[in-house]
>>> print(open('target_4.cif').read())   # mmCIF, C-alpha atoms
data_final
#
loop_
_atom_site.label_atom_id
_atom_site.label_comp_id
_atom_site.auth_asym_id
_atom_site.auth_seq_id
_atom_site.Cartn_x
_atom_site.Cartn_y
_atom_site.Cartn_z
CA MET A 194 87.41 -133.04 -110.59
CA GLY A 195 87.12 -131.70 -107.10
CA MET A 196 88.37 -134.94 -105.59
CA ALA A 197 91.74 -134.23 -107.21
CA HIS A 198 91.85 -130.54 -106.24
CA VAL A 199 93.91 -128.79 -103.60
CA THR A 200 90.79 -127.87 -101.60
CA SER A 201 90.33 -131.62 -101.15
CA GLY A 202 93.94 -132.03 -100.04
CA ARG A 203 94.99 -133.48 -103.38
CA ALA A 204 96.39 -132.38 -106.73
CA THR A 205 96.00 -135.68 -108.58
CA PHE A 206 95.02 -139.19 -107.56
CA THR A 207 97.86 -139.34 -105.03
CA TYR A 208 98.28 -137.17 -101.96
CA GLN A 209 102.05 -137.08 -102.42
CA ASP A 210 101.67 -135.06 -105.62
CA LEU A 211 99.98 -132.30 -103.63
CA ILE A 212 102.95 -132.10 -101.30
CA ASN A 213 105.45 -132.16 -104.17
CA SER A 214 103.59 -129.36 -105.99
CA ASN A 215 103.55 -127.12 -102.92
CA SER A 216 106.30 -124.69 -102.07
CA SER A 217 105.98 -126.02 -98.54
CA THR A 218 106.62 -129.59 -97.54
CA LEU A 219 104.06 -131.53 -95.54
CA PRO A 220 103.81 -129.42 -92.41
CA THR A 221 104.45 -130.60 -88.92
CA SER A 222 101.20 -128.99 -87.91
CA PHE A 223 101.50 -125.85 -85.82
CA ILE A 224 97.79 -126.40 -85.12
CA PRO A 225 97.24 -128.78 -82.19
CA LYS A 226 95.53 -132.00 -83.19
CA SER A 227 92.51 -131.36 -80.96
CA LEU A 228 92.00 -127.93 -82.56
CA LEU A 229 92.50 -129.26 -86.08
CA LYS A 230 89.85 -131.89 -85.41
CA ARG A 231 87.39 -129.18 -84.38
CA MET A 232 88.22 -127.24 -87.54
CA LEU A 233 87.50 -130.27 -89.73
CA ILE A 234 84.16 -130.82 -88.00
CA ARG A 235 83.31 -127.14 -88.50
CA GLU A 236 84.27 -127.40 -92.18
CA ASN A 237 81.83 -130.31 -92.59
CA GLU A 238 79.08 -128.30 -90.89
CA LEU A 239 79.59 -125.40 -93.30
CA ARG A 240 79.74 -127.65 -96.37
CA LEU A 241 76.38 -129.21 -95.46
CA SER A 242 74.73 -125.97 -94.32
CA ASN A 243 71.83 -124.48 -96.28
CA GLU A 244 73.86 -121.31 -96.78
CA TYR A 245 76.78 -123.02 -98.49
CA GLN A 246 74.64 -125.50 -100.42
CA LYS A 247 72.81 -122.48 -101.83
CA ARG A 248 76.12 -120.81 -102.67
CA TYR A 249 77.34 -123.99 -104.36
CA CYS A 250 74.18 -124.02 -106.52
CA GLU A 251 74.57 -120.35 -107.44
CA ALA A 252 78.26 -120.76 -108.28
CA GLU A 253 77.62 -123.80 -110.47
CA GLN A 254 74.98 -121.88 -112.42
CA SER A 255 77.37 -118.96 -112.94
CA SER A 256 79.87 -118.52 -115.75
CA SER A 257 82.36 -116.74 -113.50
CA SER A 258 82.76 -119.14 -110.56
CA SER A 259 82.48 -122.77 -109.52
CA TRP A 260 81.90 -124.82 -106.39
CA LEU A 261 85.68 -125.03 -105.96
CA ASP A 262 85.81 -121.25 -105.48
CA ILE A 263 83.13 -121.52 -102.80
CA THR A 264 85.02 -124.32 -101.06
CA ASP A 265 88.16 -122.18 -100.94
CA GLU A 266 86.14 -119.35 -99.37
CA LEU A 267 84.57 -121.82 -96.93
CA GLN A 268 87.94 -123.10 -95.77
CA ARG A 269 89.20 -119.55 -95.32
CA GLN A 270 86.13 -118.84 -93.19
CA VAL A 271 87.06 -121.80 -90.98
CA ILE A 272 90.57 -120.38 -90.57
CA ARG A 273 89.16 -116.97 -89.59
CA GLU A 274 86.64 -118.46 -87.14
CA PHE A 275 89.53 -120.13 -85.31
CA ASN A 276 91.53 -116.87 -85.27
CA LEU A 277 94.34 -118.08 -87.52
CA GLU A 278 93.91 -115.56 -90.34
CA ASP A 279 97.37 -114.05 -89.71
CA GLU A 280 98.84 -117.37 -90.86
CA MET A 281 96.28 -118.07 -93.57
CA HIS A 282 98.54 -119.89 -96.05
CA GLU A 283 100.11 -122.19 -93.47
CA ALA A 284 96.76 -122.81 -91.76
CA LEU A 285 95.09 -123.71 -95.06
CA LEU A 286 97.84 -126.20 -95.83
CA CYS A 287 97.45 -127.76 -92.38
CA LEU A 288 93.68 -127.97 -92.78
CA ARG A 289 93.85 -129.52 -96.25
CA CYS A 290 96.61 -131.93 -95.27
CA ALA A 291 95.19 -132.70 -91.84
CA THR A 292 94.60 -136.39 -92.54
CA GLN A 293 98.16 -136.83 -93.73
CA ILE A 294 99.53 -135.16 -90.61
CA TYR A 295 97.14 -137.12 -88.39
CA PRO A 296 95.90 -140.24 -90.26
CA ASP A 297 93.42 -141.09 -87.51
CA LEU A 298 91.40 -138.02 -88.55
CA GLN A 299 90.57 -139.55 -91.96
CA SER A 300 87.02 -140.41 -90.95
CA ILE A 301 86.10 -136.74 -90.51
CA PRO A 302 86.51 -134.67 -93.73
CA LEU A 303 83.81 -135.45 -96.28
CA TYR A 304 86.34 -135.02 -99.08
CA VAL A 305 88.51 -137.79 -97.62
CA LYS A 306 85.80 -140.08 -96.27
CA TYR A 307 83.95 -140.16 -99.60
CA ASN A 308 86.88 -139.66 -101.96
CA ARG A 309 87.24 -142.94 -103.87
CA ALA A 310 89.67 -141.56 -106.46
CA ARG A 311 92.80 -143.70 -106.75
CA ASP A 312 95.33 -144.64 -109.37
CA GLY A 313 94.47 -148.36 -109.42
CA ASP A 314 96.70 -151.29 -110.28
CA LEU A 315 96.34 -151.42 -114.08
CA ARG A 316 99.44 -150.31 -115.99
CA ILE A 317 100.12 -149.57 -119.65
CA GLY A 318 100.80 -152.85 -121.43
CA ASP A 319 98.64 -154.95 -119.08
CA ILE A 320 96.05 -157.33 -120.49
CA VAL A 321 92.88 -155.99 -118.90
CA PRO A 322 90.32 -158.37 -117.38
CA ASN A 323 86.72 -158.81 -118.45
CA VAL A 324 84.20 -158.17 -115.68
CA PRO A 325 80.46 -158.74 -115.20
CA VAL A 326 78.20 -155.73 -115.77
CA VAL A 327 74.48 -155.04 -116.19
CA GLN A 328 72.88 -153.77 -119.39
CA LEU A 329 70.26 -151.02 -119.40
CA ASP A 330 67.51 -153.63 -119.81
CA GLY A 331 68.63 -155.17 -116.51
CA GLN A 332 70.25 -158.22 -118.09
CA ASP A 333 73.65 -159.49 -116.94
CA SER A 334 76.47 -159.10 -119.44
CA GLN A 335 80.25 -158.84 -119.75
CA LEU A 336 82.20 -155.61 -120.18
CA PHE A 337 83.77 -156.66 -123.49
CA GLU A 338 80.59 -158.10 -124.96
CA GLY A 339 80.40 -155.68 -127.86
CA LEU A 340 83.17 -153.52 -126.33
CA LYS A 341 80.70 -151.32 -124.48
CA PRO A 342 81.95 -148.31 -122.52
CA SER A 343 80.89 -148.41 -118.89
CA SER A 344 79.31 -146.12 -116.36
CA THR A 345 79.90 -147.41 -112.85
CA VAL A 346 77.16 -145.19 -111.38
CA LEU A 347 78.98 -144.91 -108.09
CA ILE A 348 78.01 -141.27 -107.86
CA ALA A 349 80.58 -138.56 -107.33
CA HIS A 350 79.36 -135.89 -104.90
CA ALA A 351 76.20 -137.75 -103.88
CA GLN A 352 73.77 -135.71 -101.80
CA ASP A 353 74.18 -138.06 -98.83
CA GLU A 354 78.00 -138.01 -99.03
CA TRP A 355 79.81 -134.97 -100.44
CA PRO A 356 77.19 -132.63 -101.98
CA ILE A 357 78.24 -129.72 -104.18
CA CYS A 358 75.14 -129.07 -106.36
CA SER A 359 77.21 -129.53 -109.52
CA ALA A 360 75.51 -128.02 -112.57
CA ARG A 361 78.36 -126.68 -114.70
CA TRP A 362 78.35 -129.36 -117.39
CA CYS A 363 74.70 -130.40 -117.18
CA PRO A 364 72.74 -129.52 -120.36
CA THR A 365 69.66 -128.75 -118.26
CA GLY A 366 71.60 -126.08 -116.36
CA MET A 367 70.20 -127.44 -113.12
CA PRO A 368 72.14 -128.88 -110.16
CA VAL A 369 72.63 -132.63 -110.32
CA LYS A 370 71.31 -134.12 -107.08
CA TYR A 371 71.30 -137.86 -106.46
CA THR A 372 71.88 -139.96 -103.38
CA GLN A 373 74.44 -142.77 -103.63
CA THR A 374 73.26 -145.85 -105.54
CA HIS A 375 73.22 -149.26 -103.89
CA THR A 376 70.94 -151.38 -106.08
CA VAL A 377 70.72 -152.27 -109.78
CA GLU A 378 67.42 -150.40 -110.03
CA GLU A 379 68.89 -147.21 -108.56
CA ARG A 380 71.89 -147.34 -110.87
CA LEU A 381 69.77 -148.00 -113.94
CA ALA A 382 67.58 -145.00 -113.10
CA VAL A 383 70.61 -142.69 -112.79
CA ALA A 384 72.22 -144.06 -115.97
CA LYS A 385 69.01 -143.52 -117.95
CA ASP A 386 68.69 -139.96 -116.61
CA PHE A 387 72.29 -139.31 -117.70
CA ILE A 388 71.64 -140.65 -121.20
CA ARG A 389 68.47 -138.53 -121.48
CA ASP A 390 69.95 -135.28 -120.13
CA PHE A 391 73.19 -135.48 -122.11
CA ASN A 392 71.69 -137.10 -125.20
CA PHE A 393 74.50 -139.62 -124.82
CA PRO A 394 74.83 -141.73 -128.01
CA MET A 395 77.24 -144.45 -126.85
CA PRO A 396 76.29 -147.76 -125.19
CA VAL A 397 76.28 -147.66 -121.40
CA VAL A 398 76.41 -150.47 -118.85
CA ILE A 399 76.49 -150.35 -115.05
CA ASP A 400 78.71 -151.96 -112.45
CA LYS A 401 77.06 -154.70 -110.39
CA PRO A 402 76.45 -153.15 -106.94
CA GLU A 403 77.05 -156.33 -104.96
CA GLU A 404 80.77 -156.28 -105.81
CA ASN A 405 81.53 -153.05 -107.73
CA LEU A 406 84.08 -155.22 -109.51
CA PHE A 407 84.57 -152.84 -112.44
CA GLU A 408 85.38 -150.00 -110.05
CA LYS A 409 87.71 -152.17 -107.96
CA ILE A 410 89.73 -153.30 -110.98
CA TYR A 411 89.58 -150.23 -113.23
CA ALA A 412 89.61 -147.49 -110.54
CA SER A 413 87.21 -145.49 -112.69
CA TRP A 414 85.70 -143.22 -110.02
CA PRO A 415 84.94 -140.37 -110.59
CA VAL A 416 85.96 -140.43 -114.25
CA ARG A 417 88.59 -142.31 -116.21
CA ILE A 418 89.42 -142.87 -119.88
CA TYR A 419 91.11 -146.07 -121.00
CA VAL A 420 92.19 -147.10 -124.49
CA ILE A 421 92.30 -150.87 -124.96
CA ASP A 422 93.48 -152.50 -128.20
CA LYS A 423 91.95 -155.48 -130.02
CA ASP A 424 94.04 -157.86 -127.91
CA TYR A 425 92.64 -156.30 -124.71
CA ARG A 426 95.97 -154.68 -123.92
CA LEU A 427 95.89 -151.32 -122.14
CA THR A 428 97.53 -148.64 -124.32
CA TYR A 429 96.35 -145.45 -122.62
CA LYS A 430 95.23 -144.50 -119.11
CA ALA A 431 94.05 -140.95 -118.41
CA GLN A 432 95.53 -139.15 -115.41
CA PRO A 433 94.27 -135.85 -113.96
CA SER A 434 96.32 -132.70 -114.27
CA GLU A 435 95.35 -129.73 -112.09
CA SER A 436 92.05 -131.48 -111.28
CA MET A 437 91.13 -132.02 -114.96
CA LEU A 438 91.62 -134.78 -117.54
CA GLU A 439 93.78 -133.67 -120.47
CA LEU A 440 91.69 -134.48 -123.56
CA ASN A 441 94.35 -133.20 -125.98
CA GLU A 442 96.63 -135.95 -124.75
CA PHE A 443 93.83 -138.48 -125.23
CA THR A 444 92.99 -137.36 -128.77
CA ALA A 445 96.70 -137.32 -129.68
CA HIS A 446 96.94 -140.95 -128.56
CA LEU A 447 93.95 -141.90 -130.72
CA GLN A 448 95.45 -140.07 -133.71
CA SER A 449 98.72 -141.95 -133.25
CA ILE A 450 96.80 -145.22 -133.42
CA ILE A 451 94.98 -144.18 -136.61
CA GLN A 452 98.22 -143.08 -138.25
#
>>> encode(input="target_4.cif", output="structure tokens")
Amino acid sequence: MGMAHVTSGRATFTYQDLINSNSSTLPTSFIPKSLLKRMLIRENELRLSNEYQKRYCEAEQSSSSSWLDITDELQRQVIREFNLEDEMHEALLCLRCATQIYPDLQSIPLYVKYNRARDGDLRIGDIVPNVPVVQLDGQDSQLFEGLKPSSTVLIAHAQDEWPICSARWCPTGMPVKYTQTHTVEERLAVAKDFIRDFNFPMPVVIDKPEENLFEKIYASWPVRIYVIDKDYRLTYKAQPSESMLELNEFTAHLQSIIQ
């Protein structure tokens, strides 16, 4: 999950964890704010450029690299362009933590502006609420009507937000390219493509776009696994570790329930 990766200024769903995991504390930037702003704008330009979009595609179709490697190279290029390569480590930390040093810069980096990842308010032991969703036939339903899993279809890395040409886990081997969804019809189309491409056997429903109530309550973006018991009590909530979800922890929890 790139949105919980150090190149996005984060290590998990909270920025503070990035700072705690670094040998350095949050820097009092040695880069002037005006210069740091220019660096962030330049980083956006490179991320959206044809050159780097092509490199993202190539990396995602390779077995030896990923888009995260390309992003690290991109950020290092920004540092070099601004003649700060002699202080590369410190400059990278300043660039990646720029919006924590200067909160009023948060509207600039794509990976902050379009990063919806958050911990959410639900805690283990909470009784989780039912929410309205839409079935694949377009009919309104409720999340726990048949205990369906849910796909919010608020797209991570949409082409018109934070594009990375992700292809690594796609069975077709081709980059996944969608613009952000805003209507029921758009979300249904993406959900059906997902089911087709991944041969996904489980029931899928979509969040209602007028409110995105499932996303607001369950903080599911970009991916989240919950285990809810028969009394609708939350017993497990997946958390990212080093930008990935730990499935061994998840399966161990399920095994403990079975036993």
>>> residues_near_point(input="target_4.cif", point="(92.2, -158.1, -125.0)", cutoff="9 Å", atoms="only C-alpha atoms", output="PyMOL selection string")
chain A and resi 320-323+337+421-427
>>> resolve_selection(input="target_4.cif", expression="the PyMOL selection byres ((chain A and resi 239) around 12)", output="tab-separated table (two decimals) with C-alpha atoms, in the frame of the given file")
chain	number	residue	atom	x	y	z
A	232	MET	CA	88.22	-127.24	-87.54
A	233	LEU	CA	87.50	-130.27	-89.73
A	234	ILE	CA	84.16	-130.82	-88.00
A	235	ARG	CA	83.31	-127.14	-88.50
A	236	GLU	CA	84.27	-127.40	-92.18
A	237	ASN	CA	81.83	-130.31	-92.59
A	238	GLU	CA	79.08	-128.30	-90.89
A	240	ARG	CA	79.74	-127.65	-96.37
A	241	LEU	CA	76.38	-129.21	-95.46
A	242	SER	CA	74.73	-125.97	-94.32
A	243	ASN	CA	71.83	-124.48	-96.28
A	244	GLU	CA	73.86	-121.31	-96.78
A	245	TYR	CA	76.78	-123.02	-98.49
A	246	GLN	CA	74.64	-125.50	-100.42
A	247	LYS	CA	72.81	-122.48	-101.83
A	248	ARG	CA	76.12	-120.81	-102.67
A	249	TYR	CA	77.34	-123.99	-104.36
A	263	ILE	CA	83.13	-121.52	-102.80
A	264	THR	CA	85.02	-124.32	-101.06
A	265	ASP	CA	88.16	-122.18	-100.94
A	266	GLU	CA	86.14	-119.35	-99.37
A	267	LEU	CA	84.57	-121.82	-96.93
A	268	GLN	CA	87.94	-123.10	-95.77
A	269	ARG	CA	89.20	-119.55	-95.32
A	270	GLN	CA	86.13	-118.84	-93.19
A	271	VAL	CA	87.06	-121.80	-90.98
A	274	GLU	CA	86.64	-118.46	-87.14
A	302	PRO	CA	86.51	-134.67	-93.73
A	303	LEU	CA	83.81	-135.45	-96.28
A	355	TRP	CA	79.81	-134.97	-100.44
A	356	PRO	CA	77.19	-132.63	-101.98
A	357	ILE	CA	78.24	-129.72	-104.18
>>> residues_near_point(input="target_4.cif", point="(91.0, -150.8, -115.1)", cutoff="12 Å", atoms="all atoms listed in the file", output="MDAnalysis selection string")
chainID A and resid 311:324 336 342:343 345 406:414 416:421 425:431
>>> closest_residue(input="target_4.cif", among="A:Ile348, A:Val327, A:Ile388, A:Ile301", to="Tyr371 (chain A)", atoms="only C-alpha atoms")
A:Ile348
>>> atom_distance(input="target_4.cif", atom1="CA of Phe223 (chain A)", atom2="CA of Gln293 (chain A)")
13.9 Å
>>> atom_distance(input="target_4.cif", atom1="CA of Asn405 (chain A)", atom2="CA of Glu439 (chain A)")
26.2 Å
>>> resolve_selection(input="target_4.cif", expression="the PyMOL selection byres ((chain A and resi 230) around 12)", output="PyMOL selection string")
chain A and resi 222+224-229+231-237+271+275+287-292+294-302
>>> closest_residue(input="target_4.cif", among="A:Gln448, A:Asn441, A:Gln335, A:Gln432", to="Ala310 (chain A)", atoms="all atoms listed in the file")
A:Gln432
>>> closest_residue(input="target_4.cif", among="A:Gln352, A:Thr444, A:Gln328, A:Asn392", to="Thr365 (chain A)", atoms="all atoms listed in the file")
A:Asn392
>>> atom_distance(input="target_4.cif", atom1="CA of Leu261 (chain A)", atom2="CA of Ser359 (chain A)")
10.2 Å
>>> residues_around(input="target_4.cif", residues="Arg361 (chain A)", least_positions_apart="2", cutoff="10 Å", atoms="all atoms listed in the file", output="VMD selection string")
chain A and resid 250 252 to 256 258 to 260 358 to 359 363 to 369
>>> residues_around(input="target_4.cif", residues="Val383 (chain A)", least_positions_apart="4", cutoff="12 Å", atoms="all atoms listed in the file", output="compact mmCIF listing (two decimals) with C-alpha atoms, in the coordinates of the input")
# COMPACT_ATOMS: atom_id res chain seq x y z
CA LEU A 329 70.26 -151.02 -119.40
CA SER A 344 79.31 -146.12 -116.36
CA THR A 345 79.90 -147.41 -112.85
CA VAL A 346 77.16 -145.19 -111.38
CA LEU A 347 78.98 -144.91 -108.09
CA ILE A 348 78.01 -141.27 -107.86
CA ALA A 351 76.20 -137.75 -103.88
CA VAL A 369 72.63 -132.63 -110.32
CA LYS A 370 71.31 -134.12 -107.08
CA TYR A 371 71.30 -137.86 -106.46
CA THR A 372 71.88 -139.96 -103.38
CA GLN A 373 74.44 -142.77 -103.63
CA THR A 374 73.26 -145.85 -105.54
CA HIS A 375 73.22 -149.26 -103.89
CA THR A 376 70.94 -151.38 -106.08
CA VAL A 377 70.72 -152.27 -109.78
CA GLU A 378 67.42 -150.40 -110.03
CA GLU A 379 68.89 -147.21 -108.56
CA PHE A 387 72.29 -139.31 -117.70
CA ILE A 388 71.64 -140.65 -121.20
CA ARG A 389 68.47 -138.53 -121.48
CA ASP A 390 69.95 -135.28 -120.13
CA VAL A 397 76.28 -147.66 -121.40
CA VAL A 398 76.41 -150.47 -118.85
CA ILE A 399 76.49 -150.35 -115.05
>>> axis_aligned_box(input="target_4.cif", around="region 257-264 of chain A", padding_each_side="5 Å", output="JSON")
{"center_x": 83.9, "center_y": -120.9, "center_z": -107.3, "size_x": 13.9, "size_y": 18.3, "size_z": 22.4}
>>> closest_residue(input="target_4.cif", among="A:Asn308, A:Ser257, A:Asn276, A:Gln332", to="Lys401 (chain A)", atoms="only C-alpha atoms")
A:Gln332
>>> decode(input="target_4.cif", residues="region 397-408 of chain A", atoms="all heavy atoms", output="compact mmCIF listing (two decimals), in the first residue's frame")
# COMPACT_ATOMS: atom_id res chain seq x y z
N VAL A 397 -20.13 -8.99 -3.62
CA VAL A 397 -19.58 -7.63 -3.57
C VAL A 397 -20.73 -6.63 -3.61
O VAL A 397 -21.68 -6.80 -4.36
CB VAL A 397 -18.63 -7.37 -4.76
CG1 VAL A 397 -18.21 -5.91 -4.82
CG2 VAL A 397 -17.40 -8.27 -4.67
N VAL A 398 -20.63 -5.60 -2.80
CA VAL A 398 -21.56 -4.48 -2.86
C VAL A 398 -20.74 -3.20 -2.94
O VAL A 398 -19.54 -3.21 -2.70
CB VAL A 398 -22.50 -4.44 -1.62
CG1 VAL A 398 -23.43 -5.62 -1.62
CG2 VAL A 398 -21.69 -4.39 -0.32
N ILE A 399 -21.38 -2.08 -3.28
CA ILE A 399 -20.66 -0.83 -3.40
C ILE A 399 -21.23 0.20 -2.42
O ILE A 399 -22.40 0.15 -2.04
CB ILE A 399 -20.70 -0.27 -4.84
CG1 ILE A 399 -22.12 0.12 -5.24
CG2 ILE A 399 -20.09 -1.26 -5.81
CD1 ILE A 399 -22.19 0.88 -6.54
N ASP A 400 -20.37 1.12 -2.03
CA ASP A 400 -20.75 2.23 -1.17
C ASP A 400 -21.60 3.21 -1.98
O ASP A 400 -21.33 3.45 -3.16
CB ASP A 400 -19.48 2.92 -0.66
CG ASP A 400 -19.67 3.61 0.67
OD1 ASP A 400 -20.77 3.54 1.23
OD2 ASP A 400 -18.68 4.21 1.14
N LYS A 401 -22.60 3.80 -1.36
CA LYS A 401 -23.44 4.79 -2.06
C LYS A 401 -22.65 6.09 -2.22
O LYS A 401 -22.19 6.67 -1.23
CB LYS A 401 -24.74 5.02 -1.29
CG LYS A 401 -25.56 3.75 -1.09
CD LYS A 401 -26.91 4.03 -0.48
CE LYS A 401 -27.87 4.55 -1.53
NZ LYS A 401 -29.27 4.60 -1.01
N PRO A 402 -22.47 6.57 -3.45
CA PRO A 402 -21.56 7.70 -3.68
C PRO A 402 -22.04 9.02 -3.11
O PRO A 402 -21.23 9.93 -2.91
CB PRO A 402 -21.47 7.76 -5.22
CG PRO A 402 -22.72 7.09 -5.70
CD PRO A 402 -23.02 6.03 -4.70
N GLU A 403 -23.34 9.15 -2.84
CA GLU A 403 -23.82 10.43 -2.31
C GLU A 403 -23.23 10.72 -0.94
O GLU A 403 -22.97 11.88 -0.57
CB GLU A 403 -25.35 10.46 -2.19
CG GLU A 403 -26.10 9.88 -3.39
CD GLU A 403 -26.35 8.39 -3.24
OE1 GLU A 403 -27.25 8.00 -2.47
OE2 GLU A 403 -25.63 7.62 -3.90
N GLU A 404 -23.02 9.66 -0.15
CA GLU A 404 -22.55 9.84 1.23
C GLU A 404 -21.22 9.15 1.52
O GLU A 404 -20.50 9.55 2.42
CB GLU A 404 -23.61 9.32 2.21
CG GLU A 404 -24.95 10.03 2.14
CD GLU A 404 -25.96 9.42 3.10
OE1 GLU A 404 -26.12 8.17 3.08
OE2 GLU A 404 -26.58 10.16 3.87
N ASN A 405 -20.91 8.08 0.78
CA ASN A 405 -19.73 7.25 1.10
C ASN A 405 -19.75 6.86 2.58
O ASN A 405 -18.73 6.92 3.27
CB ASN A 405 -18.43 8.00 0.77
CG ASN A 405 -18.24 8.16 -0.73
OD1 ASN A 405 -18.47 7.23 -1.50
ND2 ASN A 405 -17.82 9.34 -1.14
N LEU A 406 -20.93 6.46 3.06
CA LEU A 406 -21.10 6.22 4.49
C LEU A 406 -20.28 5.04 4.99
O LEU A 406 -19.73 5.07 6.09
CB LEU A 406 -22.60 6.00 4.80
CG LEU A 406 -23.00 6.04 6.27
CD1 LEU A 406 -22.61 7.36 6.91
CD2 LEU A 406 -24.51 5.81 6.41
N PHE A 407 -20.18 3.99 4.16
CA PHE A 407 -19.36 2.84 4.56
C PHE A 407 -17.91 3.28 4.78
O PHE A 407 -17.29 2.93 5.77
CB PHE A 407 -19.44 1.74 3.50
CG PHE A 407 -18.58 0.55 3.81
CD1 PHE A 407 -19.05 -0.46 4.63
CD2 PHE A 407 -17.29 0.45 3.31
CE1 PHE A 407 -18.24 -1.56 4.95
CE2 PHE A 407 -16.49 -0.63 3.61
CZ PHE A 407 -16.96 -1.64 4.43
N GLU A 408 -17.39 4.04 3.83
CA GLU A 408 -16.00 4.52 3.95
C GLU A 408 -15.83 5.42 5.17
O GLU A 408 -14.84 5.32 5.88
CB GLU A 408 -15.59 5.25 2.67
CG GLU A 408 -14.39 6.15 2.79
CD GLU A 408 -13.13 5.44 3.25
OE1 GLU A 408 -13.04 4.21 3.06
OE2 GLU A 408 -12.26 6.10 3.82
